[in-house]
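Heads up, the thing below is written out as structure tokens.
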Amino acid sequence: MDMLRSKCRKESKNEQKMKKRKKFDRFVFLPDDILLDILKRVPDSSLRYKTKYVSKRWFIIITNRILLHHASFILQKMRTFTARLVDIREEGQGLQVKEQYLDIPCIGRIMSWCNELLLISNASIKESLYIFNLITKEGSYLPQSNASCGGHFARKCGVALSFDGFKGIYKVIHLFMGPPIQCHLLTLRKDIVSRVSSKWKKMKIPYMNEGQHYSGDPVSIQGRYFYWDMYSSNHLVFMDIVKEKFFQMSLPGSSVRGRYAYSLFVMGGFLALFDAVSWDKAEIWILKDLKMMKWEKLQNWSFRVSPGTCRYPVSGVISKRHVILKSRVDNCMYSYDVKYGLVKELDIHTESDDERCVVHSSAPSFI
């Protein structure tokens with residue numbers, strides 16, 4: 001009996017030693033550069049949705065030194081609705097491009113992309129929205145809102161997906177320019193298939209006038225802030241999805257716009273504005289102070305490719321060095337190296353001008 005007890009004690013001590021070994025983090029002794037090199041070999045989907053939440057150190061390294069150095073966006077053909085995921089990464093002094101075709105059960109226009117979820121407008125069912133998880137491959141139709149906009153393909157309608165990191169919930173925004181102007185919110189829990197709220201919440205919209213339109217889809221920053229470019233105006237309207245409030249702010253730079261195009265995009269987690277001040281030159285402004293609504297001018301650009309390239313929307317960015325541009329003139333995609341002032345054509349095959357771009361919006365508080 002005593003021998004049996006001593007044996008059990010030894011086994012329990014061995015188990016405790018094994019548990020201590022398992023809890024011991026051997027990565028602590030690795031320098032950041034070596035750990036970074038290891039993490040770069042992990043698949044992108046695991047980095048975004050699992051690996052970066054292992055520890056605070058991993059979160060900082062993956063977010064600041066890997067994910068912010070990516071430009072991830074979906075290119076979708078509007079005639080066939082086929083979609084492909086494009087991921088561009090900085091490698092040394094150059095860029096590495098990866099493409100992957102997506103198998104999505106719902107045929108329709110991808111309206112928004114936040115964390116691992118896609119918001120899709122069904123092509124065959126009028127005013128119907130579908131939510132799809134890229135990781136679990138699960139999806140669900142959302143209840144229809146009371147705001148009849150004639151279908152989510154209409155220019156008067158803006159639909160977007162956001163994430164409230166404080167409450168751990170997703171929110172769908174449906175903004176309809178009217179008449180009358182309406183905004184509805186739908187709250188989703190993380191388990192979108194089995195637990196979807198059934199009622200849309202009405203919200204009052206200041207700063208927007210009847211008959212006024214916005215240009216293009218809303219631009220999402222960190223899955224929390226949504227910016228609408230008001231057509232033929234010199235201001236932006238944006239919404240804080242956590243506080244559920246609307247705000248208004250002025251555009252930077254020239255107050256006279258019309259001949260040359262400007263567009264909003266994401267740069268290193270900040271809102272940025274690409275302003276073509278002339279046919280072959282452009283300015284970049286970054287909104288670094290959201291509370292004070294102050295813009296910072298990055299620099300002037302001179303383009304060495306087709307001048308029409310600078311007149312069309314920026315599709316995505318990597319850190320604060322490379323900017324990705326999609327041209328509707330020659331259906332090509334370019335990268336602009338801010339450091340050296342060089343424009344290069346990317347090895348991304350585009351067949352037609354009906355391919356629209358949906359940029360990934362990652363909320364830093366996503367768990």
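Residues in the structure tokens are numbered from 1 in each chain, the chains being A, B, ... in the order shown, and ligands are numbered from 1 in the order shown.
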Can you tell me, as a PDB file with N, CA and C atoms, in the first residue's frame, which residues in region 28-180 of chain A count as strand (DSSP E) by DSSP?
```pdb
ATOM      1  N   HIS A  70       0.595  44.448 -45.040  1.00  0.00           N
ATOM      2  CA  HIS A  70      -0.155  43.731 -46.064  1.00  0.00           C
ATOM      3  C   HIS A  70      -1.173  44.671 -46.703  1.00  0.00           C
ATOM      4  N   ALA A  71      -1.491  44.390 -47.944  1.00  0.00           N
ATOM      5  CA  ALA A  71      -2.677  44.985 -48.561  1.00  0.00           C
ATOM      6  C   ALA A  71      -3.558  43.813 -48.973  1.00  0.00           C
ATOM      7  N   SER A  72      -4.661  43.640 -48.303  1.00  0.00           N
ATOM      8  CA  SER A  72      -5.582  42.540 -48.597  1.00  0.00           C
ATOM      9  C   SER A  72      -6.883  43.107 -49.135  1.00  0.00           C
ATOM     10  N   PHE A  73      -7.279  42.626 -50.299  1.00  0.00           N
ATOM     11  CA  PHE A  73      -8.540  43.069 -50.878  1.00  0.00           C
ATOM     12  C   PHE A  73      -9.090  41.983 -51.783  1.00  0.00           C
ATOM     13  N   ILE A  74     -10.378  42.077 -52.048  1.00  0.00           N
ATOM     14  CA  ILE A  74     -11.067  41.132 -52.931  1.00  0.00           C
ATOM     15  C   ILE A  74     -11.414  41.845 -54.225  1.00  0.00           C
ATOM     16  N   LEU A  75     -11.068  41.236 -55.341  1.00  0.00           N
ATOM     17  CA  LEU A  75     -11.468  41.724 -56.651  1.00  0.00           C
ATOM     18  C   LEU A  75     -12.640  40.869 -57.135  1.00  0.00           C
ATOM     19  N   GLN A  76     -13.758  41.526 -57.457  1.00  0.00           N
ATOM     20  CA  GLN A  76     -14.952  40.792 -57.871  1.00  0.00           C
ATOM     21  C   GLN A  76     -15.473  41.315 -59.198  1.00  0.00           C
ATOM     22  N   LYS A  77     -15.724  40.379 -60.119  1.00  0.00           N
ATOM     23  CA  LYS A  77     -16.304  40.743 -61.411  1.00  0.00           C
ATOM     24  C   LYS A  77     -17.809  40.898 -61.255  1.00  0.00           C
ATOM     25  N   ALA A  83     -15.051  35.938 -57.482  1.00  0.00           N
ATOM     26  CA  ALA A  83     -14.224  36.775 -56.607  1.00  0.00           C
ATOM     27  C   ALA A  83     -12.908  36.086 -56.306  1.00  0.00           C
ATOM     28  N   ARG A  84     -11.871  36.885 -56.152  1.00  0.00           N
ATOM     29  CA  ARG A  84     -10.561  36.356 -55.771  1.00  0.00           C
ATOM     30  C   ARG A  84      -9.938  37.258 -54.720  1.00  0.00           C
ATOM     31  N   LEU A  85      -9.270  36.609 -53.780  1.00  0.00           N
ATOM     32  CA  LEU A  85      -8.592  37.312 -52.705  1.00  0.00           C
ATOM     33  C   LEU A  85      -7.166  37.609 -53.133  1.00  0.00           C
ATOM     34  N   VAL A  86      -6.773  38.873 -53.043  1.00  0.00           N
ATOM     35  CA  VAL A  86      -5.414  39.304 -53.383  1.00  0.00           C
ATOM     36  C   VAL A  86      -4.733  39.777 -52.109  1.00  0.00           C
ATOM     37  N   ASP A  87      -3.561  39.214 -51.821  1.00  0.00           N
ATOM     38  CA  ASP A  87      -2.788  39.604 -50.657  1.00  0.00           C
ATOM     39  C   ASP A  87      -1.402  40.030 -51.128  1.00  0.00           C
ATOM     40  N   ILE A  88      -0.989  41.255 -50.791  1.00  0.00           N
ATOM     41  CA  ILE A  88       0.295  41.796 -51.218  1.00  0.00           C
ATOM     42  C   ILE A  88       1.122  42.086 -49.984  1.00  0.00           C
ATOM     43  N   ARG A  89       2.334  41.560 -49.962  1.00  0.00           N
ATOM     44  CA  ARG A  89       3.208  41.677 -48.796  1.00  0.00           C
ATOM     45  C   ARG A  89       4.537  42.295 -49.199  1.00  0.00           C
ATOM     46  N   GLU A  90       5.076  43.126 -48.305  1.00  0.00           N
ATOM     47  CA  GLU A  90       6.407  43.687 -48.522  1.00  0.00           C
ATOM     48  C   GLU A  90       7.459  42.615 -48.242  1.00  0.00           C
ATOM     49  N   GLU A  91       8.324  42.355 -49.221  1.00  0.00           N
ATOM     50  CA  GLU A  91       9.428  41.416 -49.073  1.00  0.00           C
ATOM     51  C   GLU A  91      10.704  42.128 -49.471  1.00  0.00           C
ATOM     52  N   GLY A  94      10.935  44.772 -52.400  1.00  0.00           N
ATOM     53  CA  GLY A  94       9.880  44.551 -53.383  1.00  0.00           C
ATOM     54  C   GLY A  94       8.573  44.103 -52.753  1.00  0.00           C
ATOM     55  N   LEU A  95       7.650  43.663 -53.607  1.00  0.00           N
ATOM     56  CA  LEU A  95       6.329  43.216 -53.177  1.00  0.00           C
ATOM     57  C   LEU A  95       6.063  41.805 -53.667  1.00  0.00           C
ATOM     58  N   GLN A  96       5.423  41.007 -52.824  1.00  0.00           N
ATOM     59  CA  GLN A  96       5.033  39.646 -53.185  1.00  0.00           C
ATOM     60  C   GLN A  96       3.512  39.578 -53.267  1.00  0.00           C
ATOM     61  N   VAL A  97       2.997  39.065 -54.389  1.00  0.00           N
ATOM     62  CA  VAL A  97       1.555  39.020 -54.646  1.00  0.00           C
ATOM     63  C   VAL A  97       1.065  37.577 -54.587  1.00  0.00           C
ATOM     64  N   LYS A  98      -0.019  37.353 -53.831  1.00  0.00           N
ATOM     65  CA  LYS A  98      -0.681  36.047 -53.780  1.00  0.00           C
ATOM     66  C   LYS A  98      -2.142  36.218 -54.171  1.00  0.00           C
ATOM     67  N   GLU A  99      -2.645  35.287 -54.979  1.00  0.00           N
ATOM     68  CA  GLU A  99      -4.052  35.325 -55.394  1.00  0.00           C
ATOM     69  C   GLU A  99      -4.722  33.995 -55.078  1.00  0.00           C
ATOM     70  N   GLN A 100      -5.985  34.072 -54.666  1.00  0.00           N
ATOM     71  CA  GLN A 100      -6.755  32.870 -54.346  1.00  0.00           C
ATOM     72  C   GLN A 100      -8.225  33.097 -54.688  1.00  0.00           C
ATOM     73  N   TYR A 101      -8.801  32.230 -55.508  1.00  0.00           N
ATOM     74  CA  TYR A 101     -10.216  32.343 -55.855  1.00  0.00           C
ATOM     75  C   TYR A 101     -11.076  31.861 -54.695  1.00  0.00           C
ATOM     76  N   GLY A 108     -23.738  37.227 -55.618  1.00  0.00           N
ATOM     77  CA  GLY A 108     -24.128  38.617 -55.467  1.00  0.00           C
ATOM     78  C   GLY A 108     -22.920  39.500 -55.258  1.00  0.00           C
ATOM     79  N   ARG A 109     -23.168  40.774 -55.073  1.00  0.00           N
ATOM     80  CA  ARG A 109     -22.109  41.759 -54.907  1.00  0.00           C
ATOM     81  C   ARG A 109     -21.611  41.775 -53.465  1.00  0.00           C
ATOM     82  N   ILE A 110     -20.292  41.667 -53.277  1.00  0.00           N
ATOM     83  CA  ILE A 110     -19.698  41.765 -51.952  1.00  0.00           C
ATOM     84  C   ILE A 110     -19.673  43.234 -51.562  1.00  0.00           C
ATOM     85  N   MET A 111     -20.426  43.590 -50.539  1.00  0.00           N
ATOM     86  CA  MET A 111     -20.575  44.978 -50.142  1.00  0.00           C
ATOM     87  C   MET A 111     -19.514  45.411 -49.134  1.00  0.00           C
ATOM     88  N   SER A 112     -19.098  44.497 -48.245  1.00  0.00           N
ATOM     89  CA  SER A 112     -18.187  44.863 -47.168  1.00  0.00           C
ATOM     90  C   SER A 112     -17.466  43.626 -46.671  1.00  0.00           C
ATOM     91  N   TRP A 113     -16.247  43.855 -46.096  1.00  0.00           N
ATOM     92  CA  TRP A 113     -15.428  42.761 -45.583  1.00  0.00           C
ATOM     93  C   TRP A 113     -14.787  43.216 -44.280  1.00  0.00           C
ATOM     94  N   CYS A 114     -15.183  42.599 -43.168  1.00  0.00           N
ATOM     95  CA  CYS A 114     -14.665  42.974 -41.845  1.00  0.00           C
ATOM     96  C   CYS A 114     -14.245  41.710 -41.098  1.00  0.00           C
ATOM     97  N   LEU A 117     -15.621  38.073 -41.906  1.00  0.00           N
ATOM     98  CA  LEU A 117     -16.982  38.045 -42.444  1.00  0.00           C
ATOM     99  C   LEU A 117     -17.124  38.879 -43.714  1.00  0.00           C
ATOM    100  N   LEU A 118     -17.910  38.350 -44.647  1.00  0.00           N
ATOM    101  CA  LEU A 118     -18.293  39.073 -45.861  1.00  0.00           C
ATOM    102  C   LEU A 118     -19.777  39.420 -45.792  1.00  0.00           C
ATOM    103  N   LEU A 119     -20.116  40.622 -46.247  1.00  0.00           N
ATOM    104  CA  LEU A 119     -21.514  41.031 -46.372  1.00  0.00           C
ATOM    105  C   LEU A 119     -21.830  41.100 -47.857  1.00  0.00           C
ATOM    106  N   ILE A 120     -22.800  40.283 -48.292  1.00  0.00           N
ATOM    107  CA  ILE A 120     -23.076  40.109 -49.720  1.00  0.00           C
ATOM    108  C   ILE A 120     -24.521  40.482 -50.021  1.00  0.00           C
ATOM    109  N   SER A 121     -24.704  41.224 -51.097  1.00  0.00           N
ATOM    110  CA  SER A 121     -26.050  41.550 -51.559  1.00  0.00           C
ATOM    111  C   SER A 121     -26.463  40.534 -52.616  1.00  0.00           C
ATOM    112  N   ASN A 122     -27.510  39.777 -52.329  1.00  0.00           N
ATOM    113  CA  ASN A 122     -27.947  38.724 -53.243  1.00  0.00           C
ATOM    114  C   ASN A 122     -28.439  39.312 -54.560  1.00  0.00           C
ATOM    115  N   LEU A 129     -29.718  40.566 -47.954  1.00  0.00           N
ATOM    116  CA  LEU A 129     -28.309  40.551 -47.566  1.00  0.00           C
ATOM    117  C   LEU A 129     -27.934  39.201 -46.975  1.00  0.00           C
ATOM    118  N   TYR A 130     -26.724  38.771 -47.298  1.00  0.00           N
ATOM    119  CA  TYR A 130     -26.222  37.464 -46.853  1.00  0.00           C
ATOM    120  C   TYR A 130     -24.891  37.681 -46.150  1.00  0.00           C
ATOM    121  N   ILE A 131     -24.706  37.058 -44.971  1.00  0.00           N
ATOM    122  CA  ILE A 131     -23.462  37.158 -44.217  1.00  0.00           C
ATOM    123  C   ILE A 131     -22.739  35.821 -44.329  1.00  0.00           C
ATOM    124  N   PHE A 132     -21.420  35.865 -44.619  1.00  0.00           N
ATOM    125  CA  PHE A 132     -20.667  34.628 -44.863  1.00  0.00           C
ATOM    126  C   PHE A 132     -19.334  34.670 -44.126  1.00  0.00           C
ATOM    127  N   ASN A 133     -19.002  33.560 -43.439  1.00  0.00           N
ATOM    128  CA  ASN A 133     -17.757  33.432 -42.699  1.00  0.00           C
ATOM    129  C   ASN A 133     -16.723  32.724 -43.571  1.00  0.00           C
ATOM    130  N   GLY A 139     -22.903  30.529 -43.408  1.00  0.00           N
ATOM    131  CA  GLY A 139     -23.557  31.756 -43.821  1.00  0.00           C
ATOM    132  C   GLY A 139     -25.008  31.806 -43.399  1.00  0.00           C
ATOM    133  N   SER A 140     -25.599  33.000 -43.502  1.00  0.00           N
ATOM    134  CA  SER A 140     -26.992  33.174 -43.103  1.00  0.00           C
ATOM    135  C   SER A 140     -27.556  34.422 -43.774  1.00  0.00           C
ATOM    136  N   TYR A 141     -28.835  34.367 -44.183  1.00  0.00           N
ATOM    137  CA  TYR A 141     -29.519  35.551 -44.696  1.00  0.00           C
ATOM    138  C   TYR A 141     -29.949  36.437 -43.535  1.00  0.00           C
ATOM    139  N   CYS A 157     -27.853  53.731 -51.973  1.00  0.00           N
ATOM    140  CA  CYS A 157     -27.817  52.862 -50.803  1.00  0.00           C
ATOM    141  C   CYS A 157     -26.379  52.515 -50.431  1.00  0.00           C
ATOM    142  N   GLY A 158     -26.036  52.621 -49.157  1.00  0.00           N
ATOM    143  CA  GLY A 158     -24.719  52.223 -48.673  1.00  0.00           C
ATOM    144  C   GLY A 158     -24.855  51.199 -47.574  1.00  0.00           C
ATOM    145  N   VAL A 159     -24.265  50.017 -47.750  1.00  0.00           N
ATOM    146  CA  VAL A 159     -24.352  48.944 -46.775  1.00  0.00           C
ATOM    147  C   VAL A 159     -22.939  48.554 -46.357  1.00  0.00           C
ATOM    148  N   ALA A 160     -22.714  48.382 -45.062  1.00  0.00           N
ATOM    149  CA  ALA A 160     -21.379  48.053 -44.579  1.00  0.00           C
ATOM    150  C   ALA A 160     -21.453  47.209 -43.313  1.00  0.00           C
ATOM    151  N   LEU A 161     -20.347  46.493 -43.030  1.00  0.00           N
ATOM    152  CA  LEU A 161     -20.240  45.615 -41.874  1.00  0.00           C
ATOM    153  C   LEU A 161     -19.166  46.152 -40.934  1.00  0.00           C
ATOM    154  N   SER A 162     -19.461  46.171 -39.624  1.00  0.00           N
ATOM    155  CA  SER A 162     -18.512  46.708 -38.647  1.00  0.00           C
ATOM    156  C   SER A 162     -18.415  45.776 -37.453  1.00  0.00           C
ATOM    157  N   PHE A 163     -17.418  46.063 -36.589  1.00  0.00           N
ATOM    158  CA  PHE A 163     -17.217  45.253 -35.391  1.00  0.00           C
ATOM    159  C   PHE A 163     -17.040  46.148 -34.180  1.00  0.00           C
ATOM    160  N   ASP A 164     -17.840  45.929 -33.145  1.00  0.00           N
ATOM    161  CA  ASP A 164     -17.741  46.648 -31.881  1.00  0.00           C
ATOM    162  C   ASP A 164     -16.917  45.795 -30.925  1.00  0.00           C
ATOM    163  N   ILE A 169     -19.491  42.368 -30.672  1.00  0.00           N
ATOM    164  CA  ILE A 169     -20.606  42.127 -31.592  1.00  0.00           C
ATOM    165  C   ILE A 169     -20.334  42.799 -32.939  1.00  0.00           C
ATOM    166  N   TYR A 170     -20.971  42.289 -33.963  1.00  0.00           N
ATOM    167  CA  TYR A 170     -20.923  42.900 -35.292  1.00  0.00           C
ATOM    168  C   TYR A 170     -22.177  43.742 -35.509  1.00  0.00           C
ATOM    169  N   LYS A 171     -22.046  44.760 -36.348  1.00  0.00           N
ATOM    170  CA  LYS A 171     -23.189  45.596 -36.696  1.00  0.00           C
ATOM    171  C   LYS A 171     -23.213  45.812 -38.205  1.00  0.00           C
ATOM    172  N   VAL A 172     -24.404  45.704 -38.765  1.00  0.00           N
ATOM    173  CA  VAL A 172     -24.604  45.973 -40.186  1.00  0.00           C
ATOM    174  C   VAL A 172     -25.259  47.340 -40.321  1.00  0.00           C
ATOM    175  N   ILE A 173     -24.685  48.196 -41.163  1.00  0.00           N
ATOM    176  CA  ILE A 173     -25.214  49.544 -41.391  1.00  0.00           C
ATOM    177  C   ILE A 173     -25.896  49.587 -42.747  1.00  0.00           C
ATOM    178  N   HIS A 174     -27.110  50.108 -42.780  1.00  0.00           N
ATOM    179  CA  HIS A 174     -27.820  50.332 -44.036  1.00  0.00           C
ATOM    180  C   HIS A 174     -28.204  51.812 -44.098  1.00  0.00           C
ATOM    181  N   LEU A 175     -27.489  52.544 -44.952  1.00  0.00           N
ATOM    182  CA  LEU A 175     -27.726  53.978 -45.098  1.00  0.00           C
ATOM    183  C   LEU A 175     -28.375  54.239 -46.455  1.00  0.00           C
ATOM    184  N   PHE A 176     -29.568  54.824 -46.417  1.00  0.00           N
ATOM    185  CA  PHE A 176     -30.348  55.092 -47.632  1.00  0.00           C
ATOM    186  C   PHE A 176     -30.559  56.593 -47.761  1.00  0.00           C
TER     187      PHE A 176
END
```
List the neighbours of region 27-41 of chain A out to 12 Å using only C-alpha atoms; skip same-chain residues closer than 2 positions along the sequence, and give me the result as a PyMOL selection string. chain A and resi 23-25+43-48+50-52+54-67+69-70+89-91
Restrict the selected residues to N, CA and C atoms and save them as a short mmCIF file (atom, residue, chain, number, x, y, z; two decimals), in the first residue's frame.
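Once everything was written out, this is part-v1.cif:
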```cif
data_model
loop_
_atom_site.label_atom_id
_atom_site.label_comp_id
_atom_site.auth_asym_id
_atom_site.auth_seq_id
_atom_site.Cartn_x
_atom_site.Cartn_y
_atom_site.Cartn_z
N LYS A 23 3.59 24.96 -19.75
CA LYS A 23 3.28 26.37 -19.55
C LYS A 23 4.46 27.27 -19.87
N PHE A 24 5.68 26.71 -19.82
CA PHE A 24 6.87 27.51 -20.04
C PHE A 24 6.95 27.97 -21.50
N ASP A 25 7.06 29.28 -21.70
CA ASP A 25 7.09 29.86 -23.04
C ASP A 25 8.53 29.96 -23.52
N PRO A 43 0.19 30.49 -42.09
CA PRO A 43 -0.81 30.93 -43.08
C PRO A 43 -1.50 32.22 -42.66
N ASP A 44 -1.83 33.07 -43.63
CA ASP A 44 -2.40 34.39 -43.35
C ASP A 44 -3.68 34.32 -42.52
N SER A 45 -4.55 33.34 -42.84
CA SER A 45 -5.82 33.24 -42.11
C SER A 45 -5.60 32.93 -40.63
N SER A 46 -4.61 32.09 -40.33
CA SER A 46 -4.30 31.78 -38.93
C SER A 46 -3.70 32.98 -38.22
N LEU A 47 -2.87 33.75 -38.94
CA LEU A 47 -2.29 34.94 -38.34
C LEU A 47 -3.36 35.94 -37.93
N ARG A 48 -4.33 36.16 -38.83
CA ARG A 48 -5.36 37.18 -38.60
C ARG A 48 -6.32 36.80 -37.48
N LYS A 50 -6.27 33.80 -35.31
CA LYS A 50 -5.92 32.92 -34.17
C LYS A 50 -4.57 33.29 -33.55
N THR A 51 -3.52 33.21 -34.36
CA THR A 51 -2.15 33.31 -33.83
C THR A 51 -1.87 34.61 -33.12
N LYS A 52 -2.40 35.72 -33.62
CA LYS A 52 -2.05 37.01 -33.02
C LYS A 52 -2.65 37.21 -31.64
N VAL A 54 -2.38 34.83 -29.23
CA VAL A 54 -1.68 33.94 -28.30
C VAL A 54 -1.14 34.71 -27.10
N SER A 55 -0.54 35.87 -27.34
CA SER A 55 -0.01 36.70 -26.27
C SER A 55 0.04 38.15 -26.74
N LYS A 56 0.28 39.05 -25.79
CA LYS A 56 0.36 40.47 -26.12
C LYS A 56 1.52 40.74 -27.06
N ARG A 57 2.65 40.08 -26.84
CA ARG A 57 3.83 40.26 -27.69
C ARG A 57 3.54 39.82 -29.12
N TRP A 58 2.89 38.67 -29.26
CA TRP A 58 2.56 38.17 -30.60
C TRP A 58 1.59 39.12 -31.30
N PHE A 59 0.63 39.64 -30.54
CA PHE A 59 -0.35 40.56 -31.11
C PHE A 59 0.35 41.79 -31.68
N ILE A 60 1.29 42.38 -30.93
CA ILE A 60 1.99 43.58 -31.36
C ILE A 60 2.84 43.30 -32.60
N ILE A 61 3.57 42.17 -32.59
CA ILE A 61 4.45 41.84 -33.72
C ILE A 61 3.64 41.56 -34.97
N ILE A 62 2.59 40.76 -34.83
CA ILE A 62 1.79 40.38 -36.01
C ILE A 62 1.03 41.57 -36.56
N THR A 63 0.46 42.39 -35.67
CA THR A 63 -0.34 43.52 -36.12
C THR A 63 0.52 44.62 -36.73
N ASN A 64 1.57 45.00 -36.02
CA ASN A 64 2.38 46.14 -36.45
C ASN A 64 3.41 45.80 -37.52
N ARG A 65 3.95 44.59 -37.48
CA ARG A 65 5.07 44.28 -38.36
C ARG A 65 4.72 43.28 -39.46
N ILE A 66 3.52 42.73 -39.41
CA ILE A 66 3.12 41.80 -40.49
C ILE A 66 1.83 42.28 -41.16
N LEU A 67 0.74 42.36 -40.36
CA LEU A 67 -0.56 42.65 -40.96
C LEU A 67 -0.64 44.06 -41.54
N HIS A 69 1.65 45.54 -42.89
CA HIS A 69 2.50 45.57 -44.07
C HIS A 69 1.87 44.74 -45.19
N HIS A 70 0.60 44.45 -45.04
CA HIS A 70 -0.16 43.73 -46.06
C HIS A 70 -1.17 44.67 -46.70
N ARG A 89 2.33 41.56 -49.96
CA ARG A 89 3.21 41.68 -48.80
C ARG A 89 4.54 42.29 -49.20
N GLU A 90 5.08 43.13 -48.30
CA GLU A 90 6.41 43.69 -48.52
C GLU A 90 7.46 42.61 -48.24
N GLU A 91 8.32 42.35 -49.22
CA GLU A 91 9.43 41.42 -49.07
C GLU A 91 10.70 42.13 -49.47
#
```
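Between CA of Glu296 (chain A) and CA of Phe166 (chain A) the separation is 28.7 Å.
Selecting helix (DSSP H, G or I) from the backbone DSSP output for region 61-121 of chain A yields Ile61, Ile62, Thr63, Asn64, Arg65, Leu67, Leu68 and His69 of chain A.
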Can those selected residues be exported to a file as an mmCIF file, in the first residue's frame so that it contains N, CA and C atoms?
```
data_model
loop_
_atom_site.group_PDB
_atom_site.id
_atom_site.type_symbol
_atom_site.label_atom_id
_atom_site.label_comp_id
_atom_site.auth_asym_id
_atom_site.auth_seq_id
_atom_site.Cartn_x
_atom_site.Cartn_y
_atom_site.Cartn_z
ATOM 1 N N ILE A 61 3.575 42.170 -32.586
ATOM 2 C CA ILE A 61 4.446 41.836 -33.716
ATOM 3 C C ILE A 61 3.638 41.564 -34.972
ATOM 4 N N ILE A 62 2.587 40.758 -34.833
ATOM 5 C CA ILE A 62 1.794 40.380 -36.011
ATOM 6 C C ILE A 62 1.028 41.572 -36.560
ATOM 7 N N THR A 63 0.460 42.390 -35.670
ATOM 8 C CA THR A 63 -0.342 43.525 -36.121
ATOM 9 C C THR A 63 0.523 44.619 -36.726
ATOM 10 N N ASN A 64 1.571 44.998 -36.016
ATOM 11 C CA ASN A 64 2.376 46.143 -36.448
ATOM 12 C C ASN A 64 3.407 45.799 -37.517
ATOM 13 N N ARG A 65 3.949 44.589 -37.478
ATOM 14 C CA ARG A 65 5.066 44.276 -38.359
ATOM 15 C C ARG A 65 4.720 43.281 -39.457
ATOM 16 N N LEU A 67 0.738 42.360 -40.365
ATOM 17 C CA LEU A 67 -0.564 42.652 -40.965
ATOM 18 C C LEU A 67 -0.641 44.061 -41.539
ATOM 19 N N LEU A 68 -0.022 45.054 -40.867
ATOM 20 C CA LEU A 68 -0.063 46.405 -41.407
ATOM 21 C C LEU A 68 0.845 46.567 -42.611
ATOM 22 N N HIS A 69 1.650 45.545 -42.888
ATOM 23 C CA HIS A 69 2.498 45.567 -44.075
ATOM 24 C C HIS A 69 1.871 44.738 -45.191
#
```
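For the set A:Ser128, A:Gln248, A:Gln182, A:Thr80, the residue with the smallest atom-to-atom gap to Lys204 (chain A) is A:Gln182, counting only C-alpha atoms.
Using only C-alpha atoms, the shortest contact distance between Lys297 (chain A) and any of A:Glu283, A:Met230, A:Lys344, A:Phe247 is found at A:Glu283.
Proximity of A:Lys288, A:Lys190, A:Lys294, A:Lys167 to Ile241 (chain A), computed with only C-alpha atoms, is greatest for A:Lys167.
Comparing A:Met208, A:Val42, A:Met203, A:Met267 by their smallest distance to Lys243 (chain A), the closest is A:Met203 (using only C-alpha atoms).
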Could you list, as a count of residues only, every residue within 7 Å of Ile221 (chain A), counting only C-alpha atoms and ignoring same-chain residues fewer than 5 positions away? 6
